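These notes concern the structure reproduced below.
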Amino acid sequence: MLSPAGEIFTGTDQRAPLRDALIRHGQMSAAQTAGRLLPMACVSLEITQRCNLDCSLCYLSSRAEAARDVPLPILLDRIGMIHSHYGPGTSIQISGGDPTLRSVGDLEALCRHIKSLGMRSCLMTNGIRATRAMLERLAAAGLNDLALHVDLTQERKGYATEADLHDLRRTYIERARGLDIRILFNTTVFDGNFHELPELVRFFRQNAADIDFISFQMQADTGRGVLRERDGTITQASVMRAIRDGAGIELDFDAISVGHSDCNRYTSVLSAGSATTSPLSNRRLIADVVSALEKIDARERGNLDAGRLLMRLALRNPVLGLRAIAEAGRWLWRLRGGLLAGRGRVHRMGILVHNFMDETKLDRARCESCVFMVMTAGGPLSMCVHNAQRDSHIFAPVRVKTAEGATWWNAETGFRDGPSKPEAKPLPLKRLKGRQRAEAALARRP
Ligand code: SF4
């Protein structure tokens, strides 16, 4: 087994490498969930490098469009590798490029395999090809989460502001309505939409009955996108402030930690009708609950919803159970206006601020403490490290076992007899994206 930084780990507790890294880098606290509840927050499985958009902050490399899709047997193998590294309960992001450019049959096979190993699947898409028919088939195959990336960096035609994109967000929510799939929204935060963050949070909060999780990913200089480093306006502190403004309540981003605090800041809101409150205002109780959860087997935890998990905790630790029930009573009291006016239902929405690093400014401590990995042929790698070294992983030859022995596959040439690396050929003009496309357009100007 490899640690996030690539060292060999020989222990048996799959949480130990991440837990040790967080301890080593001063990030272990009573609030820390990474390395305690799960060995890893999530692992990305890039199934294609193709995309039907050209985002101004795309993390793919300039050569991505030259890469063939990774064959299904190799992907199934990688899912097995994820399972042997991190075990059941791990969340696998089926991503790309845009994964919906693969056949629905391939996507179904991936979801089924992930489910059969007791892990969770999340389809990471811009939503363009995620039709109702596709989502119905994937839900039946066991897809757990649909993460929709919609924002101004995608430069979709006809949308000048984030508020203009709300109709599209509503359309996508409708496509998944009634299916047993959680809906997540990803938003890249950059100079062009930073001022609209409070409005975006208001929109997500108003739709909290349908949306389970929102993630704000801060602009980073990595990949082929035409935009580069963010200016000093966008910081973790300023993004958290804007989220609080939009939620209209005080939010604690330190009650629960997910990995390194310079990478991830997490909070959560509860809403009922127009009433909103924070479920994370009692840090001591939360720390005690995390400690108690740490003692419950990951597979058992993964199979229980929040209510049944709390019941299980209360049975094992009645005093903690009573404290949790009293706290839940306080939440309901704060939500009473919305509960009385509405249908009495409470919705929880997780909020994450994710601070990707510039590819030339990787911080070793953060990379070693990474909770967001990519599975490569050689093992899991921190997403930031992977982004900084993309082509060396995407185009690396992969040894594939066959009935007759073994063969080799690489993303540029497909299957071949030996492991030789192909030479990078220049892409035709029409397949250029990002910075290369912008440079080519500039060169063609009279
Ligand atoms: S992907 Fe980068 S920013 Fe995110 S947790 Fe890993 S090292 Fe930190």
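Each chain in the structure tokens gets a letter, A, B, ..., in the order shown, and its residues are numbered from 1; ligands are numbered from 1 in order too.
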
Rows by chain and residue number, chain A within 12 Å of ligand 1, shortest pair, only C-alpha atoms and all ligand atoms, as JSON lines:
{"residue": "A:Pro4", "atom": "CA", "partner": "ligand 1", "partner_atom_place_in_ligand_line": "6 (Fe)", "distance": 9.0}
{"residue": "A:Ala5", "atom": "CA", "partner": "ligand 1", "partner_atom_place_in_ligand_line": "7 (S)", "distance": 10.1}
{"residue": "A:Leu18", "atom": "CA", "partner": "ligand 1", "partner_atom_place_in_ligand_line": "5 (S)", "distance": 11.3}
{"residue": "A:Leu22", "atom": "CA", "partner": "ligand 1", "partner_atom_place_in_ligand_line": "5 (S)", "distance": 11.5}
{"residue": "A:Ala34", "atom": "CA", "partner": "ligand 1", "partner_atom_place_in_ligand_line": "5 (S)", "distance": 10.6}
{"residue": "A:Met40", "atom": "CA", "partner": "ligand 1", "partner_atom_place_in_ligand_line": "5 (S)", "distance": 10.2}
{"residue": "A:Ala41", "atom": "CA", "partner": "ligand 1", "partner_atom_place_in_ligand_line": "5 (S)", "distance": 9.0}
{"residue": "A:Cys42", "atom": "CA", "partner": "ligand 1", "partner_atom_place_in_ligand_line": "5 (S)", "distance": 9.8}
{"residue": "A:Val43", "atom": "CA", "partner": "ligand 1", "partner_atom_place_in_ligand_line": "1 (S)", "distance": 10.0}
{"residue": "A:Ser44", "atom": "CA", "partner": "ligand 1", "partner_atom_place_in_ligand_line": "1 (S)", "distance": 10.2}
{"residue": "A:Tyr59", "atom": "CA", "partner": "ligand 1", "partner_atom_place_in_ligand_line": "1 (S)", "distance": 11.6}
{"residue": "A:Ser215", "atom": "CA", "partner": "ligand 1", "partner_atom_place_in_ligand_line": "4 (Fe)", "distance": 11.8}
{"residue": "A:Phe216", "atom": "CA", "partner": "ligand 1", "partner_atom_place_in_ligand_line": "4 (Fe)", "distance": 11.7}
{"residue": "A:Gln217", "atom": "CA", "partner": "ligand 1", "partner_atom_place_in_ligand_line": "3 (S)", "distance": 9.1}
{"residue": "A:Met218", "atom": "CA", "partner": "ligand 1", "partner_atom_place_in_ligand_line": "3 (S)", "distance": 9.3}
{"residue": "A:Gln219", "atom": "CA", "partner": "ligand 1", "partner_atom_place_in_ligand_line": "3 (S)", "distance": 11.0}
{"residue": "A:Ala220", "atom": "CA", "partner": "ligand 1", "partner_atom_place_in_ligand_line": "3 (S)", "distance": 9.6}
{"residue": "A:Thr222", "atom": "CA", "partner": "ligand 1", "partner_atom_place_in_ligand_line": "2 (Fe)", "distance": 11.1}
{"residue": "A:Gln236", "atom": "CA", "partner": "ligand 1", "partner_atom_place_in_ligand_line": "3 (S)", "distance": 11.6}
{"residue": "A:Ser257", "atom": "CA", "partner": "ligand 1", "partner_atom_place_in_ligand_line": "5 (S)", "distance": 11.5}
{"residue": "A:Val258", "atom": "CA", "partner": "ligand 1", "partner_atom_place_in_ligand_line": "5 (S)", "distance": 8.5}
{"residue": "A:Gly259", "atom": "CA", "partner": "ligand 1", "partner_atom_place_in_ligand_line": "5 (S)", "distance": 6.6}
{"residue": "A:His260", "atom": "CA", "partner": "ligand 1", "partner_atom_place_in_ligand_line": "8 (Fe)", "distance": 6.6}
{"residue": "A:Ser261", "atom": "CA", "partner": "ligand 1", "partner_atom_place_in_ligand_line": "8 (Fe)", "distance": 8.7}
{"residue": "A:Asp262", "atom": "CA", "partner": "ligand 1", "partner_atom_place_in_ligand_line": "8 (Fe)", "distance": 7.3}
{"residue": "A:Cys263", "atom": "CA", "partner": "ligand 1", "partner_atom_place_in_ligand_line": "8 (Fe)", "distance": 4.2}
{"residue": "A:Asn264", "atom": "CA", "partner": "ligand 1", "partner_atom_place_in_ligand_line": "5 (S)", "distance": 6.4}
{"residue": "A:Arg265", "atom": "CA", "partner": "ligand 1", "partner_atom_place_in_ligand_line": "5 (S)", "distance": 10.1}
{"residue": "A:Leu352", "atom": "CA", "partner": "ligand 1", "partner_atom_place_in_ligand_line": "4 (Fe)", "distance": 11.0}
{"residue": "A:Val353", "atom": "CA", "partner": "ligand 1", "partner_atom_place_in_ligand_line": "3 (S)", "distance": 9.8}
{"residue": "A:His354", "atom": "CA", "partner": "ligand 1", "partner_atom_place_in_ligand_line": "3 (S)", "distance": 6.2}
{"residue": "A:Asn355", "atom": "CA", "partner": "ligand 1", "partner_atom_place_in_ligand_line": "3 (S)", "distance": 4.8}
{"residue": "A:Phe356", "atom": "CA", "partner": "ligand 1", "partner_atom_place_in_ligand_line": "3 (S)", "distance": 3.8}
{"residue": "A:Met357", "atom": "CA", "partner": "ligand 1", "partner_atom_place_in_ligand_line": "3 (S)", "distance": 5.7}
{"residue": "A:Asp358", "atom": "CA", "partner": "ligand 1", "partner_atom_place_in_ligand_line": "2 (Fe)", "distance": 9.1}
{"residue": "A:Glu359", "atom": "CA", "partner": "ligand 1", "partner_atom_place_in_ligand_line": "2 (Fe)", "distance": 9.8}
{"residue": "A:Lys361", "atom": "CA", "partner": "ligand 1", "partner_atom_place_in_ligand_line": "2 (Fe)", "distance": 10.9}
{"residue": "A:Leu362", "atom": "CA", "partner": "ligand 1", "partner_atom_place_in_ligand_line": "7 (S)", "distance": 8.0}
{"residue": "A:Asp363", "atom": "CA", "partner": "ligand 1", "partner_atom_place_in_ligand_line": "7 (S)", "distance": 7.8}
{"residue": "A:Arg364", "atom": "CA", "partner": "ligand 1", "partner_atom_place_in_ligand_line": "7 (S)", "distance": 8.5}
{"residue": "A:Ala365", "atom": "CA", "partner": "ligand 1", "partner_atom_place_in_ligand_line": "7 (S)", "distance": 8.4}
{"residue": "A:Arg366", "atom": "CA", "partner": "ligand 1", "partner_atom_place_in_ligand_line": "7 (S)", "distance": 5.0}
{"residue": "A:Cys367", "atom": "CA", "partner": "ligand 1", "partner_atom_place_in_ligand_line": "7 (S)", "distance": 4.2}
{"residue": "A:Glu368", "atom": "CA", "partner": "ligand 1", "partner_atom_place_in_ligand_line": "7 (S)", "distance": 7.3}
{"residue": "A:Ser369", "atom": "CA", "partner": "ligand 1", "partner_atom_place_in_ligand_line": "7 (S)", "distance": 6.8}
{"residue": "A:Cys370", "atom": "CA", "partner": "ligand 1", "partner_atom_place_in_ligand_line": "6 (Fe)", "distance": 3.7}
{"residue": "A:Val371", "atom": "CA", "partner": "ligand 1", "partner_atom_place_in_ligand_line": "5 (S)", "distance": 4.8}
{"residue": "A:Phe372", "atom": "CA", "partner": "ligand 1", "partner_atom_place_in_ligand_line": "6 (Fe)", "distance": 4.8}
{"residue": "A:Met373", "atom": "CA", "partner": "ligand 1", "partner_atom_place_in_ligand_line": "1 (S)", "distance": 6.6}
{"residue": "A:Val374", "atom": "CA", "partner": "ligand 1", "partner_atom_place_in_ligand_line": "1 (S)", "distance": 8.8}
{"residue": "A:Pro380", "atom": "CA", "partner": "ligand 1", "partner_atom_place_in_ligand_line": "6 (Fe)", "distance": 11.4}
{"residue": "A:Leu381", "atom": "CA", "partner": "ligand 1", "partner_atom_place_in_ligand_line": "6 (Fe)", "distance": 8.9}
{"residue": "A:Ser382", "atom": "CA", "partner": "ligand 1", "partner_atom_place_in_ligand_line": "6 (Fe)", "distance": 5.2}
{"residue": "A:Met383", "atom": "CA", "partner": "ligand 1", "partner_atom_place_in_ligand_line": "1 (S)", "distance": 4.1}
{"residue": "A:Cys384", "atom": "CA", "partner": "ligand 1", "partner_atom_place_in_ligand_line": "2 (Fe)", "distance": 4.2}
{"residue": "A:Val385", "atom": "CA", "partner": "ligand 1", "partner_atom_place_in_ligand_line": "7 (S)", "distance": 7.3}
{"residue": "A:His386", "atom": "CA", "partner": "ligand 1", "partner_atom_place_in_ligand_line": "1 (S)", "distance": 8.6}
{"residue": "A:Asn387", "atom": "CA", "partner": "ligand 1", "partner_atom_place_in_ligand_line": "1 (S)", "distance": 8.8}
{"residue": "A:Ala388", "atom": "CA", "partner": "ligand 1", "partner_atom_place_in_ligand_line": "2 (Fe)", "distance": 10.3}

As a tab-separated table (two decimals) with N, CA and C atoms, in the first residue's frame, please: all residues of segment 27-96 of chain A that backbone DSSP puts in strand (DSSP E).
chain	number	residue	atom	x	y	z
A	42	CYS	N	-12.19	10.97	-0.70
A	42	CYS	CA	-12.66	10.45	-1.99
A	42	CYS	C	-11.49	10.23	-2.95
A	43	VAL	N	-11.75	9.39	-3.93
A	43	VAL	CA	-10.72	9.05	-4.92
A	43	VAL	C	-11.32	9.24	-6.31
A	44	SER	N	-10.60	9.99	-7.13
A	44	SER	CA	-11.09	10.26	-8.48
A	44	SER	C	-10.61	9.17	-9.44
A	45	LEU	N	-11.53	8.74	-10.30
A	45	LEU	CA	-11.20	7.77	-11.33
A	45	LEU	C	-11.47	8.46	-12.67
A	46	GLU	N	-10.40	8.87	-13.35
A	46	GLU	CA	-10.58	9.61	-14.61
A	46	GLU	C	-10.79	8.60	-15.74
A	91	SER	N	-15.60	6.78	-1.26
A	91	SER	CA	-16.36	7.43	-2.33
A	91	SER	C	-15.47	7.55	-3.58
A	92	ILE	N	-15.94	7.01	-4.69
A	92	ILE	CA	-15.18	7.09	-5.94
A	92	ILE	C	-15.83	8.10	-6.88
A	93	GLN	N	-15.07	9.08	-7.29
A	93	GLN	CA	-15.59	10.07	-8.24
A	93	GLN	C	-15.31	9.57	-9.64
A	94	ILE	N	-16.38	9.28	-10.38
A	94	ILE	CA	-16.23	8.88	-11.78
A	94	ILE	C	-16.12	10.18	-12.57
A	95	SER	N	-14.89	10.49	-13.01
A	95	SER	CA	-14.69	11.84	-13.57
A	95	SER	C	-13.93	11.77	-14.89

| Counting only C-alpha atoms, the residue of A:Asn410, A:Thr376, A:Gln49, A:Thr188 that sits nearest Asp77 of chain A |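 Looking at the shortest contact to Asp77 of chain A, the residue is A:Thr376.
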
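Nearest to Pro279 of chain A of all the residues A:Asp212, A:Gly223, A:Met240, A:His347 is A:His347, based on only C-alpha atoms.
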
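The neighbours of Arg416 of chain A here are the residues that come within 12 Å of it, using only C-alpha atoms and leaving out any residue fewer than 5 positions away in the same chain; they are Pro397, Val398, Arg399, Val400, Ala406, Thr407, Trp408, Trp409, Asn410, Ala411, Lys421 and Pro422 of chain A.
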
| said: One number please: atom CA of Ser116 of chain A to atom CA of Met311 of chain A, in Å, one decimal. | reply: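 Computing the Euclidean distance for atom CA of Ser116 of chain A and atom CA of Met311 of chain A yields 26.7 Å.
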
| task | Name all residues at most 12 Å from Asp210 of chain A (count only C-alpha atoms; drop same-chain ones fewer than 3 positions away) and give them as a ChimeraX atom specification. | result | /A:146,169-170,172-185,203-207,213-214,271,346-349

Could you produce a table of the residues of segment 173-204 of chain A lying within 10 Å of segment 244-253 of chain A, with the nearest pair of atoms per residue and their separation in Å rounded to one decimal, using only C-alpha atoms, ordered by chain and increasing residue number, as a Markdown table?
| residue | atom | partner | partner_atom | distance |
| --- | --- | --- | --- | --- |
| A:Glu196 | CA | A:Gly246 | CA | 9.4 |
| A:Leu197 | CA | A:Gly246 | CA | 7.1 |
| A:Pro198 | CA | A:Gly246 | CA | 3.7 |
| A:Glu199 | CA | A:Gly246 | CA | 6.0 |
| A:Leu200 | CA | A:Gly246 | CA | 7.3 |
| A:Val201 | CA | A:Gly246 | CA | 5.0 |
| A:Arg202 | CA | A:Gly246 | CA | 5.1 |
| A:Phe203 | CA | A:Gly246 | CA | 8.7 |
| A:Phe204 | CA | A:Ala247 | CA | 9.2 |

| Among segment 29-104 of chain A, which ones does DSSP place in helix (DSSP H, G or I), written as a PyMOL selection string? | chain A and resi 64-66+72-86+99-101+104

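Proximity of A:His113, A:Arg63, A:Lys425, A:Arg330 to Ala141 of chain A, computed with only C-alpha atoms, is greatest for A:His113.
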
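For the residues A:Phe415, A:Leu123, A:Ser278, A:Pro99, ranking by smallest atom-to-atom distance to Thr402 of chain A using only C-alpha atoms places A:Phe415 first.
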
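Atom CA of Ser238 of chain A is positioned 22.6 Å from atom CA of Gln32 of chain A.
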
| request: Excluding Leu117 of chain A and any residue of its chain fewer than 4 positions from it, enumerate the residues within 12 Å of it, using only C-alpha atoms, and give them as a list in words. | output: Leu76, Ile79, Gly80, Met81, Ile82, His83, Ser84, Tyr86, Gly87, Pro88, Gly89, Thr90, Ser91, Ile92, Leu110, Cys111, Arg112, His113, Ser121, Gly142 and Arg299 of chain A

Can you spit out the residues from that selection as a PDB file, in the first residue's frame, using N, CA, C and O atoms?
ATOM      1  N   LEU A  76     -11.894  -1.185 -14.250  1.00  0.00           N
ATOM      2  CA  LEU A  76     -12.417  -2.099 -13.226  1.00  0.00           C
ATOM      3  C   LEU A  76     -11.279  -2.527 -12.291  1.00  0.00           C
ATOM      4  O   LEU A  76     -11.452  -2.647 -11.081  1.00  0.00           O
ATOM      5  N   ILE A  79     -10.584   0.232  -9.854  1.00  0.00           N
ATOM      6  CA  ILE A  79     -11.583   0.263  -8.764  1.00  0.00           C
ATOM      7  C   ILE A  79     -11.171  -0.764  -7.692  1.00  0.00           C
ATOM      8  O   ILE A  79     -11.243  -0.497  -6.491  1.00  0.00           O
ATOM      9  N   GLY A  80     -10.686  -1.915  -8.162  1.00  0.00           N
ATOM     10  CA  GLY A  80     -10.190  -2.929  -7.216  1.00  0.00           C
ATOM     11  C   GLY A  80      -9.011  -2.390  -6.415  1.00  0.00           C
ATOM     12  O   GLY A  80      -8.886  -2.648  -5.206  1.00  0.00           O
ATOM     13  N   MET A  81      -8.128  -1.625  -7.083  1.00  0.00           N
ATOM     14  CA  MET A  81      -6.984  -1.043  -6.365  1.00  0.00           C
ATOM     15  C   MET A  81      -7.463  -0.058  -5.292  1.00  0.00           C
ATOM     16  O   MET A  81      -6.930  -0.003  -4.188  1.00  0.00           O
ATOM     17  N   ILE A  82      -8.477   0.740  -5.650  1.00  0.00           N
ATOM     18  CA  ILE A  82      -9.008   1.704  -4.670  1.00  0.00           C
ATOM     19  C   ILE A  82      -9.535   0.945  -3.459  1.00  0.00           C
ATOM     20  O   ILE A  82      -9.279   1.308  -2.306  1.00  0.00           O
ATOM     21  N   HIS A  83     -10.247  -0.145  -3.733  1.00  0.00           N
ATOM     22  CA  HIS A  83     -10.809  -0.932  -2.635  1.00  0.00           C
ATOM     23  C   HIS A  83      -9.697  -1.514  -1.764  1.00  0.00           C
ATOM     24  O   HIS A  83      -9.783  -1.497  -0.538  1.00  0.00           O
ATOM     25  N   SER A  84      -8.626  -1.997  -2.392  1.00  0.00           N
ATOM     26  CA  SER A  84      -7.587  -2.608  -1.548  1.00  0.00           C
ATOM     27  C   SER A  84      -6.802  -1.553  -0.771  1.00  0.00           C
ATOM     28  O   SER A  84      -6.278  -1.835   0.294  1.00  0.00           O
ATOM     29  N   TYR A  86      -8.240   1.511   0.320  1.00  0.00           N
ATOM     30  CA  TYR A  86      -9.063   2.288   1.268  1.00  0.00           C
ATOM     31  C   TYR A  86     -10.284   1.550   1.790  1.00  0.00           C
ATOM     32  O   TYR A  86     -10.951   2.053   2.697  1.00  0.00           O
ATOM     33  N   GLY A  87     -10.633   0.416   1.196  1.00  0.00           N
ATOM     34  CA  GLY A  87     -11.701  -0.413   1.749  1.00  0.00           C
ATOM     35  C   GLY A  87     -13.108   0.066   1.448  1.00  0.00           C
ATOM     36  O   GLY A  87     -13.312   1.046   0.725  1.00  0.00           O
ATOM     37  N   PRO A  88     -14.089  -0.644   2.020  1.00  0.00           N
ATOM     38  CA  PRO A  88     -15.494  -0.299   1.761  1.00  0.00           C
ATOM     39  C   PRO A  88     -15.832   1.073   2.337  1.00  0.00           C
ATOM     40  O   PRO A  88     -15.173   1.559   3.251  1.00  0.00           O
ATOM     41  N   GLY A  89     -16.857   1.684   1.771  1.00  0.00           N
ATOM     42  CA  GLY A  89     -17.289   3.002   2.253  1.00  0.00           C
ATOM     43  C   GLY A  89     -16.601   4.136   1.505  1.00  0.00           C
ATOM     44  O   GLY A  89     -17.033   5.283   1.573  1.00  0.00           O
ATOM     45  N   THR A  90     -15.523   3.847   0.761  1.00  0.00           N
ATOM     46  CA  THR A  90     -14.800   4.903   0.034  1.00  0.00           C
ATOM     47  C   THR A  90     -15.670   5.464  -1.088  1.00  0.00           C
ATOM     48  O   THR A  90     -16.368   4.725  -1.779  1.00  0.00           O
ATOM     49  N   SER A  91     -15.599   6.783  -1.263  1.00  0.00           N
ATOM     50  CA  SER A  91     -16.356   7.425  -2.330  1.00  0.00           C
ATOM     51  C   SER A  91     -15.469   7.549  -3.575  1.00  0.00           C
ATOM     52  O   SER A  91     -14.369   8.103  -3.506  1.00  0.00           O
ATOM     53  N   ILE A  92     -15.943   7.012  -4.692  1.00  0.00           N
ATOM     54  CA  ILE A  92     -15.176   7.094  -5.944  1.00  0.00           C
ATOM     55  C   ILE A  92     -15.835   8.097  -6.876  1.00  0.00           C
ATOM     56  O   ILE A  92     -17.024   7.990  -7.186  1.00  0.00           O
ATOM     57  N   LEU A 110     -19.265   0.434 -14.316  1.00  0.00           N
ATOM     58  CA  LEU A 110     -18.442   1.022 -13.246  1.00  0.00           C
ATOM     59  C   LEU A 110     -19.258   1.157 -11.964  1.00  0.00           C
ATOM     60  O   LEU A 110     -18.796   0.786 -10.875  1.00  0.00           O
ATOM     61  N   CYS A 111     -20.472   1.679 -12.093  1.00  0.00           N
ATOM     62  CA  CYS A 111     -21.320   1.861 -10.895  1.00  0.00           C
ATOM     63  C   CYS A 111     -21.585   0.516 -10.226  1.00  0.00           C
ATOM     64  O   CYS A 111     -21.512   0.396  -8.997  1.00  0.00           O
ATOM     65  N   ARG A 112     -21.886  -0.499 -11.044  1.00  0.00           N
ATOM     66  CA  ARG A 112     -22.193  -1.820 -10.474  1.00  0.00           C
ATOM     67  C   ARG A 112     -20.984  -2.382  -9.731  1.00  0.00           C
ATOM     68  O   ARG A 112     -21.102  -2.935  -8.643  1.00  0.00           O
ATOM     69  N   HIS A 113     -19.803  -2.228 -10.350  1.00  0.00           N
ATOM     70  CA  HIS A 113     -18.596  -2.790  -9.733  1.00  0.00           C
ATOM     71  C   HIS A 113     -18.281  -2.073  -8.411  1.00  0.00           C
ATOM     72  O   HIS A 113     -17.929  -2.710  -7.418  1.00  0.00           O
ATOM     73  N   SER A 121     -20.385   5.649  -5.393  1.00  0.00           N
ATOM     74  CA  SER A 121     -19.996   6.244  -6.682  1.00  0.00           C
ATOM     75  C   SER A 121     -20.603   7.628  -6.834  1.00  0.00           C
ATOM     76  O   SER A 121     -21.723   7.876  -6.382  1.00  0.00           O
ATOM     77  N   GLY A 142     -26.774   1.577  -9.430  1.00  0.00           N
ATOM     78  CA  GLY A 142     -26.199   1.800  -8.088  1.00  0.00           C
ATOM     79  C   GLY A 142     -25.505   3.132  -7.901  1.00  0.00           C
ATOM     80  O   GLY A 142     -24.844   3.341  -6.869  1.00  0.00           O
ATOM     81  N   ARG A 299     -17.673  -0.095   7.585  1.00  0.00           N
ATOM     82  CA  ARG A 299     -18.733  -0.684   6.749  1.00  0.00           C
ATOM     83  C   ARG A 299     -20.088  -0.514   7.429  1.00  0.00           C
ATOM     84  O   ARG A 299     -21.076  -0.160   6.797  1.00  0.00           O
TER      85      ARG A 299
END
